[in-house]
>>> print(open('model_27.txt').read())   # compact mmCIF, C-alpha atoms
# COMPACT_ATOMS: atom_id res chain seq x y z
CA MET X 1 0.00 0.00 0.00
CA SER X 2 1.26 3.48 -0.84
CA GLU X 3 0.09 7.06 -1.18
CA ALA X 4 1.33 9.61 -3.71
CA ASN X 5 -0.10 12.45 -5.80
CA GLY X 6 -3.38 12.22 -3.96
CA VAL X 7 -3.84 8.55 -4.82
CA LEU X 8 -4.07 5.74 -2.26
CA THR X 9 -2.82 2.56 -3.95
CA ILE X 10 -3.92 -0.76 -2.46
CA ALA X 11 -2.58 -4.12 -3.64
CA VAL X 12 -5.52 -6.49 -3.32
CA SER X 13 -3.62 -9.66 -4.24
CA ALA X 14 -0.30 -11.18 -3.28
CA ALA X 15 2.41 -11.94 -5.82
CA GLY X 16 2.50 -15.56 -4.61
CA ALA X 17 -0.30 -18.06 -4.04
CA GLY X 18 -1.55 -17.64 -7.59
CA ASN X 19 -2.29 -13.95 -7.09
CA SER X 20 -5.03 -14.81 -4.61
CA LEU X 21 -6.70 -12.21 -2.42
CA ASP X 22 -4.17 -10.82 0.05
CA ASP X 23 -5.90 -10.99 3.43
CA ASP X 24 -3.27 -8.83 5.15
CA GLY X 25 -3.33 -6.29 2.35
CA ILE X 26 -7.11 -6.15 2.48
CA ALA X 27 -7.01 -5.58 6.25
CA ALA X 28 -4.45 -2.78 5.88
CA GLY X 29 -6.46 -1.28 3.05
CA THR X 30 -9.62 -1.31 5.17
CA GLN X 31 -7.85 0.63 7.91
CA ALA X 32 -6.46 3.17 5.43
CA LEU X 33 -9.86 3.65 3.79
CA ARG X 34 -11.45 4.25 7.18
CA GLU X 35 -8.84 6.93 7.77
CA VAL X 36 -9.87 8.53 4.48
CA ALA X 37 -13.51 8.46 5.58
CA ARG X 38 -12.59 10.13 8.87
CA GLY X 39 -10.53 12.86 7.21
CA ARG X 40 -7.21 11.53 8.48
CA ARG X 41 -5.91 10.85 4.96
CA ASP X 42 -6.28 13.44 2.24
CA VAL X 43 -6.66 11.50 -0.99
CA GLY X 44 -8.73 12.09 -4.09
CA ALA X 45 -8.78 8.58 -5.55
CA VAL X 46 -8.14 4.96 -4.66
CA LEU X 47 -6.25 2.69 -7.05
CA LEU X 48 -6.69 -1.08 -6.73
CA VAL X 49 -3.86 -3.15 -8.23
CA GLY X 50 -2.60 -6.71 -8.22
CA ALA X 51 0.89 -7.49 -6.98
CA GLY X 52 1.58 -10.16 -9.62
CA LYS X 53 0.65 -10.81 -13.23
CA ASN X 54 -3.06 -10.90 -12.40
CA PHE X 55 -5.33 -8.39 -10.72
CA CYS X 56 -6.72 -11.02 -8.35
CA ALA X 57 -7.45 -14.69 -8.99
CA GLY X 58 -9.89 -14.97 -6.08
CA GLY X 59 -9.61 -16.29 -2.55
CA ASN X 60 -6.80 -18.54 -1.39
CA VAL X 61 -8.52 -21.89 -1.90
CA ARG X 62 -5.58 -23.83 -0.45
CA ALA X 63 -6.03 -21.90 2.79
CA PHE X 64 -9.75 -22.73 2.69
CA ALA X 65 -8.91 -26.44 2.39
CA ALA X 66 -6.34 -26.32 5.21
CA ALA X 67 -8.66 -24.69 7.74
CA ASP X 68 -9.64 -26.86 10.71
CA ASP X 69 -13.16 -25.41 10.68
CA ARG X 70 -13.94 -24.34 7.14
CA PRO X 71 -17.30 -22.63 7.79
CA THR X 72 -15.81 -20.52 10.60
CA TYR X 73 -12.73 -19.68 8.54
CA LEU X 74 -14.74 -18.76 5.42
CA ARG X 75 -17.06 -16.56 7.47
CA LEU X 76 -14.04 -14.71 8.88
CA ILE X 77 -12.53 -14.24 5.42
CA ALA X 78 -15.86 -13.06 3.98
CA ASP X 79 -16.46 -10.66 6.87
CA ASN X 80 -12.98 -9.13 6.44
CA PHE X 81 -13.47 -8.84 2.68
CA HIS X 82 -16.87 -7.24 3.15
CA ALA X 83 -15.40 -4.78 5.65
CA PHE X 84 -13.02 -3.70 2.88
CA VAL X 85 -15.88 -3.27 0.40
CA ASN X 86 -17.82 -1.24 2.96
CA ALA X 87 -14.76 0.92 3.56
CA LEU X 88 -14.45 1.58 -0.18
CA TYR X 89 -17.92 3.09 -0.13
CA GLU X 90 -17.54 4.89 3.18
CA ALA X 91 -14.40 6.66 1.91
CA GLU X 92 -16.55 8.30 -0.80
CA VAL X 93 -13.68 8.83 -3.22
CA PRO X 94 -13.54 7.50 -6.78
CA VAL X 95 -12.08 4.00 -7.13
CA VAL X 96 -9.96 2.94 -10.12
CA ALA X 97 -9.08 -0.71 -10.78
CA ALA X 98 -6.11 -1.88 -12.84
CA ALA X 99 -7.75 -5.13 -13.98
CA LYS X 100 -4.79 -6.84 -15.63
CA GLY X 101 -4.81 -10.58 -16.36
CA TRP X 102 -7.40 -12.53 -14.40
CA ALA X 103 -10.04 -10.98 -12.17
CA ALA X 104 -11.77 -14.05 -10.77
CA GLY X 105 -13.96 -14.62 -7.73
CA ALA X 106 -13.21 -11.85 -5.25
CA GLY X 107 -11.19 -10.14 -7.96
CA MET X 108 -14.23 -9.89 -10.22
CA SER X 109 -16.26 -8.61 -7.28
CA LEU X 110 -13.73 -5.83 -6.73
CA VAL X 111 -13.65 -4.78 -10.38
CA LEU X 112 -17.40 -4.24 -10.19
CA HIS X 113 -16.95 -1.85 -7.25
CA ALA X 114 -14.60 0.38 -9.27
CA ASP X 115 -15.85 3.64 -10.72
CA VAL X 116 -13.24 3.31 -13.47
CA ALA X 117 -11.93 -0.14 -14.44
CA ILE X 118 -9.05 -0.41 -16.90
CA GLY X 119 -8.44 -3.79 -18.52
CA GLY X 120 -5.90 -5.20 -20.94
CA THR X 121 -6.55 -6.98 -24.20
CA SER X 122 -5.90 -10.29 -22.42
CA SER X 123 -7.92 -9.51 -19.29
CA LYS X 124 -10.51 -12.08 -18.28
CA LEU X 125 -13.19 -12.06 -15.61
CA ARG X 126 -14.85 -15.09 -14.06
CA PRO X 127 -17.15 -15.59 -11.06
CA ALA X 128 -15.29 -18.84 -10.18
CA TYR X 129 -17.32 -19.56 -7.04
CA ARG X 130 -19.46 -22.31 -8.55
CA GLY X 131 -16.38 -24.26 -9.60
CA ILE X 132 -15.49 -24.84 -5.95
CA GLY X 133 -19.07 -25.38 -4.82
CA LEU X 134 -19.48 -21.99 -3.15
CA THR X 135 -21.70 -18.95 -3.56
CA PRO X 136 -20.44 -15.44 -4.43
CA ASP X 137 -19.30 -12.85 -1.93
CA GLY X 138 -17.97 -9.30 -2.12
CA GLY X 139 -21.33 -8.04 -3.37
CA LEU X 140 -21.13 -9.77 -6.76
CA THR X 141 -24.81 -10.78 -6.66
CA TRP X 142 -25.68 -7.10 -6.07
CA THR X 143 -23.33 -5.33 -8.49
CA LEU X 144 -23.39 -7.71 -11.47
CA PRO X 145 -27.17 -7.57 -12.13
CA ARG X 146 -26.98 -3.77 -11.97
CA ALA X 147 -24.12 -3.73 -14.47
CA VAL X 148 -25.26 -6.30 -17.04
CA GLY X 149 -28.93 -6.97 -16.25
CA ALA X 150 -30.52 -9.69 -14.14
CA ALA X 151 -30.82 -12.37 -16.83
CA ARG X 152 -27.26 -12.01 -18.05
CA ALA X 153 -25.95 -11.92 -14.46
CA ARG X 154 -27.72 -15.17 -13.65
CA GLN X 155 -26.21 -16.84 -16.70
CA ILE X 156 -22.70 -15.57 -15.97
CA ILE X 157 -22.75 -16.78 -12.37
CA LEU X 158 -24.64 -20.03 -12.86
CA THR X 159 -22.54 -21.16 -15.85
CA ASP X 160 -19.32 -19.71 -14.40
CA ARG X 161 -18.82 -17.91 -17.68
CA VAL X 162 -15.41 -16.50 -18.53
CA LEU X 163 -15.76 -12.94 -19.81
CA SER X 164 -13.23 -11.62 -22.28
CA ALA X 165 -12.06 -8.03 -22.07
CA ASP X 166 -14.35 -7.19 -25.00
CA ASP X 167 -17.34 -8.80 -23.25
CA ALA X 168 -16.62 -6.86 -20.08
CA LEU X 169 -16.23 -3.58 -22.00
CA ASN X 170 -19.37 -4.07 -24.06
CA TRP X 171 -21.40 -4.98 -20.97
CA GLY X 172 -20.28 -2.00 -18.92
CA ILE X 173 -17.94 -3.73 -16.47
CA LEU X 174 -14.68 -2.38 -17.87
CA SER X 175 -14.33 1.30 -18.75
CA GLU X 176 -11.47 0.95 -21.23
CA ILE X 177 -9.19 -1.67 -22.76
CA VAL X 178 -5.51 -0.90 -23.34
CA ALA X 179 -2.41 -2.94 -24.13
CA ASP X 180 -1.69 -5.47 -21.38
CA GLU X 181 1.58 -3.82 -20.43
CA ASP X 182 -0.12 -0.43 -20.08
CA VAL X 183 -2.95 -1.38 -17.72
CA GLU X 184 -1.41 -0.12 -14.48
CA THR X 185 0.08 2.98 -16.13
CA VAL X 186 -3.25 4.03 -17.63
CA ALA X 187 -5.16 3.17 -14.45
CA ARG X 188 -2.75 5.25 -12.37
CA ALA X 189 -3.01 8.15 -14.82
CA ASN X 190 -6.79 8.02 -14.46
CA ALA X 191 -6.52 7.96 -10.68
CA GLU X 192 -4.09 10.89 -10.60
CA THR X 193 -6.26 12.92 -12.99
CA ILE X 194 -9.26 12.34 -10.75
CA ALA X 195 -7.30 13.12 -7.58
CA ALA X 196 -6.11 16.44 -9.02
CA GLY X 197 -9.66 17.61 -9.64
CA PRO X 198 -12.52 18.86 -7.45
CA ARG X 199 -12.65 16.23 -4.74
CA SER X 200 -15.82 17.39 -3.04
CA ALA X 201 -17.63 17.41 -6.38
CA ASP X 202 -16.36 13.92 -7.20
CA SER X 203 -17.43 12.65 -3.81
CA GLY X 204 -20.87 14.17 -4.28
CA THR X 205 -21.17 12.73 -7.77
CA LYS X 206 -20.26 9.28 -6.50
CA ARG X 207 -22.92 9.59 -3.81
CA LEU X 208 -25.53 10.67 -6.36
CA LEU X 209 -24.73 7.74 -8.64
CA ALA X 210 -24.85 5.30 -5.73
CA VAL X 211 -28.42 6.20 -4.78
CA SER X 212 -29.84 6.87 -8.24
CA SER X 213 -31.19 3.35 -8.81
CA GLU X 214 -33.16 3.53 -5.56
CA ASN X 215 -34.81 6.88 -6.25
CA SER X 216 -37.55 8.08 -8.53
CA LEU X 217 -36.60 10.77 -11.03
CA ILE X 218 -38.29 13.40 -8.89
CA GLU X 219 -36.36 12.28 -5.80
CA GLN X 220 -33.09 12.26 -7.73
CA LEU X 221 -33.72 15.73 -9.13
CA THR X 222 -34.30 16.98 -5.59
CA ILE X 223 -31.00 15.69 -4.25
CA GLU X 224 -29.16 16.81 -7.39
CA GLY X 225 -30.49 20.32 -6.86
CA ARG X 226 -29.40 20.28 -3.22
CA SER X 227 -25.95 18.96 -4.09
CA ILE X 228 -25.12 21.41 -6.88
CA SER X 229 -26.35 24.30 -4.75
CA GLU X 230 -24.20 23.26 -1.78
CA ARG X 231 -21.09 22.88 -3.90
CA SER X 232 -21.48 26.28 -5.51
CA GLY X 233 -20.66 27.78 -2.11
CA LEU X 234 -17.62 25.60 -1.45
CA ALA X 235 -14.07 26.59 -2.35
CA GLU X 236 -13.91 24.15 -5.26
CA GLY X 237 -17.14 25.37 -6.77
CA ILE X 238 -16.12 29.00 -6.39
CA GLU X 239 -12.73 28.34 -7.98
CA GLY X 240 -14.23 26.34 -10.83
CA VAL X 241 -16.83 28.93 -11.75
CA ASP X 242 -14.43 31.87 -11.38
CA ALA X 243 -11.82 30.10 -13.49
CA PHE X 244 -14.37 29.45 -16.23
CA VAL X 245 -15.45 33.10 -16.28
CA GLY X 246 -11.82 34.21 -16.16
CA LYS X 247 -10.95 31.91 -19.08
CA ARG X 248 -8.24 30.07 -17.14
CA ALA X 249 -7.69 26.52 -15.95
CA PRO X 250 -9.06 25.95 -12.45
CA ASP X 251 -6.53 25.30 -9.69
CA PHE X 252 -8.42 22.94 -7.41
CA GLY X 253 -5.25 22.15 -5.49
CA LYS X 254 -5.26 25.55 -3.84
CA THR X 255 -8.71 24.89 -2.39
CA ARG X 256 -7.45 22.03 -0.24
>>> encode(input="model_27.txt", output="structure tokens")
Amino acid sequence: MSEANGVLTIAVSAAGAGNSLDDDGIAAGTQALREVARGRRDVGAVLLVGAGKNFCAGGNVRAFAAADDRPTYLRLIADNFHAFVNALYEAEVPVVAAAKGWAAGAGMSLVLHADVAIGGTSSKLRPAYRGIGLTPDGGLTWTLPRAVGAARARQIILTDRVLSADDALNWGILSEIVADEDVETVARANAETIAAGPRSADSGTKRLLAVSSENSLIEQLTIEGRSISERSGLAEGIEGVDAFVGKRAPDFGKTR
């Protein structure tokens, strides 16, 4: 985990163990994200990366098999993973995923929590839970239907379908496909561009998008009106509008 240029970078998988979910990294990331939510870390974006050739190949199945009490162990792992997902949302900053190689199981779940997901031409996504006789976690049964539709989500999960990068792009899971060797570079550039911008506006936009599916149009218009009004009186909004009128680039950094 590292922090630079307003971006908090979290490695969600370990280089060893087949690029499985890194439980220690996830725990450290959860703590850091909670610090963001509490104002103790000043970051404008979160970048999720894999430590090896893949983004994340899912949970460490060998550790599952070695556990003395598998149900208790799996519940602990799921609870810790879900605490991380909750912390991603509580931080209320845009999330970028560098989805190189495989994003399977928990890795696929995490890609679907990203606001911007960059994949490579060889990237592949797969639910992978059914193959080991388990059900999804990490919110996959909540995010996937919202991304691709209920019928397609059921087919993907129940047939354990492998999605190509093109499939994932066309179905709204990936935001962009680049050359495999450029995935992390492009993802980081996206994260740094976001972090350099109006952070309060981005946080508010993320909040609006998160609740939009639960609201009627009239309800959404009401909270949009409240949000844009509030931000017009904040330093970022003042700088942005004044810069536009003054025909200059806004300097959002000076508002922090």
>>> closest_residue(input="model_27.txt", among="X:Pro94, X:Ala78, X:Asp115, X:Ala83", to="Thr135 of chain X", atoms="all atoms listed in the file")
X:Ala78
>>> atom_distance(input="model_27.txt", atom1="atom CA of Ala235 of chain X", atom2="atom CA of Gly253 of chain X")
10.4 Å
>>> closest_residue(input="model_27.txt", among="X:Arg188, X:Lys124, X:Arg41, X:Arg154", to="Ala98 of chain X", atoms="only C-alpha atoms")
X:Arg188
>>> closest_residue(input="model_27.txt", among="X:Ile223, X:Ala104, X:Ala37, X:Ala87", to="Arg130 of chain X", atoms="all atoms listed in the file")
X:Ala104
>>> residues_around(input="model_27.txt", residues="Ala147 of chain X", least_positions_apart="5", cutoff="10 Å", atoms="only C-alpha atoms", output="PyMOL selection string")
chain X and resi 112+142+152-153+168+171-173
>>> residues_around(input="model_27.txt", residues="segment 162-167 of chain X", least_positions_apart="3", cutoff="8 Å", atoms="all atoms listed in the file", output="ChimeraX atom specification")
/X:119-127,156,170-171,174,177
>>> atom_distance(input="model_27.txt", atom1="atom CA of Glu184 of chain X", atom2="atom CA of Asn86 of chain X")
24.0 Å
>>> residues_near_point(input="model_27.txt", point="(-1.5, -9.8, -11.0)", cutoff="8 Å", atoms="only C-alpha atoms", output="PDB file with C-alpha atoms, in the frame of the given file")
ATOM      1  CA  SER X  13      -3.620  -9.660  -4.240  1.00  0.00           C
ATOM      2  CA  ALA X  14      -0.300 -11.180  -3.280  1.00  0.00           C
ATOM      3  CA  ALA X  15       2.410 -11.940  -5.820  1.00  0.00           C
ATOM      4  CA  ASN X  19      -2.290 -13.950  -7.090  1.00  0.00           C
ATOM      5  CA  VAL X  49      -3.860  -3.150  -8.230  1.00  0.00           C
ATOM      6  CA  GLY X  50      -2.600  -6.710  -8.220  1.00  0.00           C
ATOM      7  CA  ALA X  51       0.890  -7.490  -6.980  1.00  0.00           C
ATOM      8  CA  GLY X  52       1.580 -10.160  -9.620  1.00  0.00           C
ATOM      9  CA  LYS X  53       0.650 -10.810 -13.230  1.00  0.00           C
ATOM     10  CA  ASN X  54      -3.060 -10.900 -12.400  1.00  0.00           C
ATOM     11  CA  PHE X  55      -5.330  -8.390 -10.720  1.00  0.00           C
ATOM     12  CA  CYS X  56      -6.720 -11.020  -8.350  1.00  0.00           C
ATOM     13  CA  ALA X  57      -7.450 -14.690  -8.990  1.00  0.00           C
ATOM     14  CA  LYS X 100      -4.790  -6.840 -15.630  1.00  0.00           C
ATOM     15  CA  GLY X 101      -4.810 -10.580 -16.360  1.00  0.00           C
ATOM     16  CA  TRP X 102      -7.400 -12.530 -14.400  1.00  0.00           C
TER      17      TRP X 102
END
>>> closest_residue(input="model_27.txt", among="X:Ser216, X:Thr255, X:Thr193, X:Ser20", to="Gly59 of chain X", atoms="only C-alpha atoms")
X:Ser20
>>> closest_residue(input="model_27.txt", among="X:Gly197, X:Glu176, X:Leu33, X:Ala106", to="Tyr89 of chain X", atoms="only C-alpha atoms")
X:Leu33
>>> closest_residue(input="model_27.txt", among="X:Val116, X:Ala191, X:Ala103, X:Leu158", to="Thr141 of chain X", atoms="all atoms listed in the file")
X:Leu158
>>> residues_around(input="model_27.txt", residues="Gly25 of chain X", least_positions_apart="2", cutoff="10 Å", atoms="only C-alpha atoms", output="number ranges by chain")
X: 1, 10-14, 21-23, 27-31
>>> atom_distance(input="model_27.txt", atom1="atom CA of Gly139 of chain X", atom2="atom CA of Thr159 of chain X")
18.1 Å
>>> residues_near_point(input="model_27.txt", point="(-20.8, 6.4, -1.7)", cutoff="8 Å", atoms="all atoms listed in the file", output="PyMOL selection string")
chain X and resi 89-93+203+206-208+210
>>> write_last_selection(input="model_27.txt", atoms="C-alpha atoms", output="PDB file, in the frame of the given file")
ATOM      1  CA  TYR X  89     -17.920   3.090  -0.130  1.00  0.00           C
ATOM      2  CA  GLU X  90     -17.540   4.890   3.180  1.00  0.00           C
ATOM      3  CA  ALA X  91     -14.400   6.660   1.910  1.00  0.00           C
ATOM      4  CA  GLU X  92     -16.550   8.300  -0.800  1.00  0.00           C
ATOM      5  CA  VAL X  93     -13.680   8.830  -3.220  1.00  0.00           C
ATOM      6  CA  SER X 203     -17.430  12.650  -3.810  1.00  0.00           C
ATOM      7  CA  LYS X 206     -20.260   9.280  -6.500  1.00  0.00           C
ATOM      8  CA  ARG X 207     -22.920   9.590  -3.810  1.00  0.00           C
ATOM      9  CA  LEU X 208     -25.530  10.670  -6.360  1.00  0.00           C
ATOM     10  CA  ALA X 210     -24.850   5.300  -5.730  1.00  0.00           C
TER      11      ALA X 210
END
>>> residues_around(input="model_27.txt", residues="Leu140 of chain X", least_positions_apart="4", cutoff="9 Å", atoms="all atoms listed in the file", output="NGL selection string")
:X and (105-106 or 108-110 or 112-113 or 127 or 136 or 144-145)
>>> residues_around(input="model_27.txt", residues="Leu234 of chain X", least_positions_apart="6", cutoff="12 Å", atoms="all atoms listed in the file", output="compact mmCIF listing (two decimals) with C-alpha atoms, in the frame of the given file")
# COMPACT_ATOMS: atom_id res chain seq x y z
CA PRO X 198 -12.52 18.86 -7.45
CA ARG X 199 -12.65 16.23 -4.74
CA SER X 200 -15.82 17.39 -3.04
CA ALA X 201 -17.63 17.41 -6.38
CA SER X 227 -25.95 18.96 -4.09
CA ILE X 228 -25.12 21.41 -6.88
CA GLY X 240 -14.23 26.34 -10.83
CA VAL X 241 -16.83 28.93 -11.75
CA PHE X 252 -8.42 22.94 -7.41
CA THR X 255 -8.71 24.89 -2.39
CA ARG X 256 -7.45 22.03 -0.24
